[in-house]
Amino acid sequence: MKARIVVTLKTGVLDPQGKAIEAALKSFGIQDISGVRQGKVFDLEIASQDREQAEATLKAACEKLLANTVVENYTVEIV
Amino acid sequence: MRAAVVVFPGSNRDGDVARALRRSGAEVVSVWHADTELPAGTDLAVVPGGFSYGDYLRCGAIAGRAAAMDAVRAHAARGGLVLGICNGFQILCESGLLPGVLMRNVNRRFICHRQFLRVERADTRFTSAYAQGQVIDVCVAHGEGNYFADPATIDRLEGEGRVAFRYCDAEGGLTEDANRNGSLNSIAGIYSEQRNVLGMMPHPENFVDALVGGVDGKGLFDSLAA
């Protein structure tokens, strides 16, 4: 099975990179945007054929390493 | 005082911190990140600065889960002393030994300059050679030193007197200009609940020899080795 994990900053956590990217986009003439936040995407493959087991594995991966839950949220999606 | 300096792939300040500790009279050995135990009789575990694992994923994220960090956690749980500097502070936060996280500097720049710090308390194993409220002149060199934690954690740290150092000006004032990475409450370093673990972004090990510009960092190593 293939899966995608998306890690994003929690609401209210300052994102200097997002701000810089937003400023850059505006400087390139893309004006009609706001609230840019940068996150991370992890695409991976799981050996298990059992969906529930795979979801548990993905959640463990996020909690153990991929997300710092002090400042980040994550979503897992089996594709 | 027997100190063990944990070395990760990408550590680069391990030599300097070992030298600073030896100058203050400590015995120092190196521990590789894959080691599962600290040497018998270790009093102090040091997590040095650098760019462990290339700062991949998040600064300190991978190092925080390395085998040697299990040994450091066990050492801390026994009441052993732990010092994390710069990347070491990031690693201690990622390992769960200290609360909060070091985020990208608010000014989006890698900052590398001399920095005044205010010593918040002088009654710990790390700061007894200083005076409370003393302003010391050390260095900072980091891109991710912006200390962040949720409001309840900040209240707890402040309420329990667990802020070790704050970024300040030459007079000890907590100005915005002195806090260039944007840390909450100008926090430059914090203690664990039992005050046996200290994490700090600035580099006291840079300034232990007048030959290289200053000696204000020496007090920390003298305190530990005393």
# chains A, B, ... in the order shown; residues from 1 in each chain; ligands from 1

$ interface_residues --of "chain A" --to "chain B" --cutoff "7 Å" --atoms "only C-alpha atoms" --output "PDB file with C-alpha atoms, in the first residue's frame"
ATOM      1  CA  PRO A  16       8.826  32.736   9.251  1.00  0.00           C
ATOM      2  CA  LEU A  65       9.491  10.954  14.553  1.00  0.00           C
ATOM      3  CA  VAL A  70       4.331  20.483  20.255  1.00  0.00           C
TER       4      VAL A  70
END

$ residues_around --residues "Lys40 (chain A)" --least-positions-apart "4" --cutoff "8 Å" --atoms "only C-alpha atoms" --output "list in words"
Val6, Val7 and Thr8 of chain A

$ write_last_selection --atoms "N, CA and C atoms" --output "PDB file, in the first residue's frame"
ATOM      1  N   VAL A   6       0.971  14.177   5.713  1.00  0.00           N
ATOM      2  CA  VAL A   6       1.147  15.626   5.602  1.00  0.00           C
ATOM      3  C   VAL A   6       1.326  16.200   7.005  1.00  0.00           C
ATOM      4  N   VAL A   7       2.419  16.921   7.196  1.00  0.00           N
ATOM      5  CA  VAL A   7       2.706  17.550   8.488  1.00  0.00           C
ATOM      6  C   VAL A   7       2.626  19.066   8.310  1.00  0.00           C
ATOM      7  N   THR A   8       1.809  19.698   9.134  1.00  0.00           N
ATOM      8  CA  THR A   8       1.634  21.152   9.040  1.00  0.00           C
ATOM      9  C   THR A   8       1.826  21.791  10.409  1.00  0.00           C
TER      10      THR A   8
END

$ residues_around --residues "Ile154 (chain B)" --least-positions-apart "2" --cutoff "10 Å" --atoms "only C-alpha atoms" --output "list in words"
Pro99, Gly100, Phe148, Ala149, Asp150, Pro151, Ala152, Arg156, Leu157, Glu158, Gly159, Glu160, Arg162, Val163, Leu184, Asn185 and Ile187 of chain B

$ write_last_selection --atoms "N, CA and C atoms" --output "PDB file, in the first residue's frame"
ATOM      1  N   PRO B  99      11.015  20.552  27.812  1.00  0.00           N
ATOM      2  CA  PRO B  99       9.794  20.887  27.082  1.00  0.00           C
ATOM      3  C   PRO B  99      10.049  21.935  25.989  1.00  0.00           C
ATOM      4  N   GLY B 100       9.106  22.033  25.053  1.00  0.00           N
ATOM      5  CA  GLY B 100       9.182  23.084  24.038  1.00  0.00           C
ATOM      6  C   GLY B 100       9.961  22.654  22.819  1.00  0.00           C
ATOM      7  N   PHE B 148      10.015  28.114  21.664  1.00  0.00           N
ATOM      8  CA  PHE B 148       8.545  28.152  21.651  1.00  0.00           C
ATOM      9  C   PHE B 148       7.996  27.013  22.496  1.00  0.00           C
ATOM     10  N   ALA B 149       6.954  27.326  23.259  1.00  0.00           N
ATOM     11  CA  ALA B 149       6.197  26.285  23.961  1.00  0.00           C
ATOM     12  C   ALA B 149       4.796  26.841  24.159  1.00  0.00           C
ATOM     13  N   ASP B 150       3.847  25.958  24.482  1.00  0.00           N
ATOM     14  CA  ASP B 150       2.474  26.462  24.665  1.00  0.00           C
ATOM     15  C   ASP B 150       2.423  27.307  25.941  1.00  0.00           C
ATOM     16  N   PRO B 151       1.401  28.186  26.057  1.00  0.00           N
ATOM     17  CA  PRO B 151       1.360  29.131  27.188  1.00  0.00           C
ATOM     18  C   PRO B 151       1.417  28.438  28.556  1.00  0.00           C
ATOM     19  N   ALA B 152       0.794  27.262  28.686  1.00  0.00           N
ATOM     20  CA  ALA B 152       0.806  26.566  29.983  1.00  0.00           C
ATOM     21  C   ALA B 152       2.231  26.149  30.351  1.00  0.00           C
ATOM     22  N   ARG B 156       4.537  27.416  33.457  1.00  0.00           N
ATOM     23  CA  ARG B 156       5.137  26.464  34.392  1.00  0.00           C
ATOM     24  C   ARG B 156       6.644  26.731  34.535  1.00  0.00           C
ATOM     25  N   LEU B 157       7.313  26.941  33.403  1.00  0.00           N
ATOM     26  CA  LEU B 157       8.763  27.214  33.437  1.00  0.00           C
ATOM     27  C   LEU B 157       9.056  28.457  34.266  1.00  0.00           C
ATOM     28  N   GLU B 158       8.262  29.502  34.030  1.00  0.00           N
ATOM     29  CA  GLU B 158       8.471  30.764  34.760  1.00  0.00           C
ATOM     30  C   GLU B 158       8.131  30.584  36.238  1.00  0.00           C
ATOM     31  N   GLY B 159       7.009  29.915  36.506  1.00  0.00           N
ATOM     32  CA  GLY B 159       6.534  29.751  37.883  1.00  0.00           C
ATOM     33  C   GLY B 159       7.491  28.910  38.719  1.00  0.00           C
ATOM     34  N   GLU B 160       8.121  27.942  38.069  1.00  0.00           N
ATOM     35  CA  GLU B 160       9.024  27.034  38.794  1.00  0.00           C
ATOM     36  C   GLU B 160      10.476  27.522  38.753  1.00  0.00           C
ATOM     37  N   ARG B 162      12.489  27.933  36.165  1.00  0.00           N
ATOM     38  CA  ARG B 162      13.298  27.028  35.351  1.00  0.00           C
ATOM     39  C   ARG B 162      13.940  27.701  34.133  1.00  0.00           C
ATOM     40  N   VAL B 163      13.804  29.033  34.048  1.00  0.00           N
ATOM     41  CA  VAL B 163      14.539  29.735  32.985  1.00  0.00           C
ATOM     42  C   VAL B 163      15.969  29.952  33.489  1.00  0.00           C
ATOM     43  N   LEU B 184      10.303  33.197  23.029  1.00  0.00           N
ATOM     44  CA  LEU B 184       9.314  33.639  23.999  1.00  0.00           C
ATOM     45  C   LEU B 184      10.036  34.015  25.293  1.00  0.00           C
ATOM     46  N   ASN B 185       9.639  35.144  25.871  1.00  0.00           N
ATOM     47  CA  ASN B 185      10.196  35.629  27.146  1.00  0.00           C
ATOM     48  C   ASN B 185      11.724  35.739  27.116  1.00  0.00           C
ATOM     49  N   ILE B 187      13.882  33.676  26.249  1.00  0.00           N
ATOM     50  CA  ILE B 187      14.482  32.482  26.853  1.00  0.00           C
ATOM     51  C   ILE B 187      15.657  31.972  26.008  1.00  0.00           C
TER      52      ILE B 187
END

$ select_by_dssp --residues "region 2-198 of chain B" --states "strand (DSSP E or B)" --output "PyMOL selection string"
chain B and resi 2-7+11+27-32+44-47+50+81-85+101-103+111-119+135-142+146-148+163-168+187-191+197-198

$ select_by_dssp --residues "region 57-185 of chain B" --states "helix (DSSP H, G or I)" --output "PyMOL selection string"
chain B and resi 63-65+67-77+87-95+151-159+184-185

$ residues_around --residues "Val215 (chain B)" --least-positions-apart "6" --cutoff "12 Å" --atoms "only C-alpha atoms" --output "PDB file with C-alpha atoms, in the first residue's frame"
ATOM      1  CA  ALA B  20      36.365  23.840  28.095  1.00  0.00           C
ATOM      2  CA  ARG B  23      40.343  23.451  31.443  1.00  0.00           C
ATOM      3  CA  SER B  24      37.972  23.572  34.419  1.00  0.00           C
ATOM      4  CA  ILE B 136      27.670  37.464  30.776  1.00  0.00           C
ATOM      5  CA  ASP B 137      29.142  37.945  27.332  1.00  0.00           C
ATOM      6  CA  VAL B 138      29.138  34.778  25.189  1.00  0.00           C
ATOM      7  CA  CYS B 139      28.301  33.878  21.570  1.00  0.00           C
ATOM      8  CA  HIS B 203      27.898  28.825  23.316  1.00  0.00           C
ATOM      9  CA  PRO B 204      29.655  29.268  26.680  1.00  0.00           C
ATOM     10  CA  GLU B 205      32.428  26.952  25.424  1.00  0.00           C
ATOM     11  CA  ASN B 206      33.500  29.632  22.918  1.00  0.00           C
ATOM     12  CA  PHE B 207      34.569  31.996  25.669  1.00  0.00           C
ATOM     13  CA  VAL B 208      36.777  30.185  28.145  1.00  0.00           C
ATOM     14  CA  ASP B 209      40.108  31.670  27.030  1.00  0.00           C
ATOM     15  CA  PHE B 221      32.277  24.776  33.350  1.00  0.00           C
ATOM     16  CA  ASP B 222      33.868  25.869  36.645  1.00  0.00           C
TER      17      ASP B 222
END

$ atom_distance --atom1 "CA of Ser95 (chain B)" --atom2 "CA of Ala71 (chain B)"
11.4 Å

$ closest_residue --among "B:Cys168, B:Leu102, B:Leu220, B:Met69" --to "Asp123 (chain B)" --atoms "only C-alpha atoms"
B:Leu220

$ atom_distance --atom1 "CA of Ser11 (chain B)" --atom2 "CA of Phe51 (chain B)"
5.6 Å

$ residues_around --residues "region 30-35 of chain A" --least-positions-apart "6" --cutoff "10 Å" --atoms "only C-alpha atoms" --output "compact mmCIF listing (two decimals) with N, CA and C atoms, in the first residue's frame"
# COMPACT_ATOMS: atom_id res chain seq x y z
N ASP A 15 5.36 31.08 11.49
CA ASP A 15 6.04 30.39 10.40
C ASP A 15 6.81 31.40 9.56
N GLY A 18 6.98 30.59 5.84
CA GLY A 18 5.72 30.86 5.15
C GLY A 18 5.57 32.33 4.82
N LYS A 19 5.96 33.16 5.80
CA LYS A 19 5.87 34.62 5.59
C LYS A 19 6.79 35.07 4.46
N GLU A 22 5.37 33.96 1.16
CA GLU A 22 4.23 34.81 0.78
C GLU A 22 4.72 36.15 0.22
N ALA A 23 5.72 36.72 0.89
CA ALA A 23 6.27 38.00 0.43
C ALA A 23 6.90 37.84 -0.96
N ALA A 24 7.57 36.69 -1.18
CA ALA A 24 8.21 36.45 -2.48
C ALA A 24 7.15 36.31 -3.56

$ atom_distance --atom1 "CA of Val41 (chain A)" --atom2 "CA of Ile78 (chain A)"
13.2 Å

$ residues_around --residues "Glu77 (chain A)" --least-positions-apart "2" --cutoff "9 Å" --atoms "only C-alpha atoms" --output "list in words"
Lys2, Ala3, Arg4, Ile5, Val6, Glu55, Leu58, Thr75 and Val79 of chain A

$ residues_around --residues "Gly54 (chain B)" --least-positions-apart "6" --cutoff "12 Å" --atoms "only C-alpha atoms" --output "list in words"
Phe8, Pro9, Gly10, Ser11, Asn12, Gly60, Ala61, Ile62, Ala63 and Asn87 of chain B
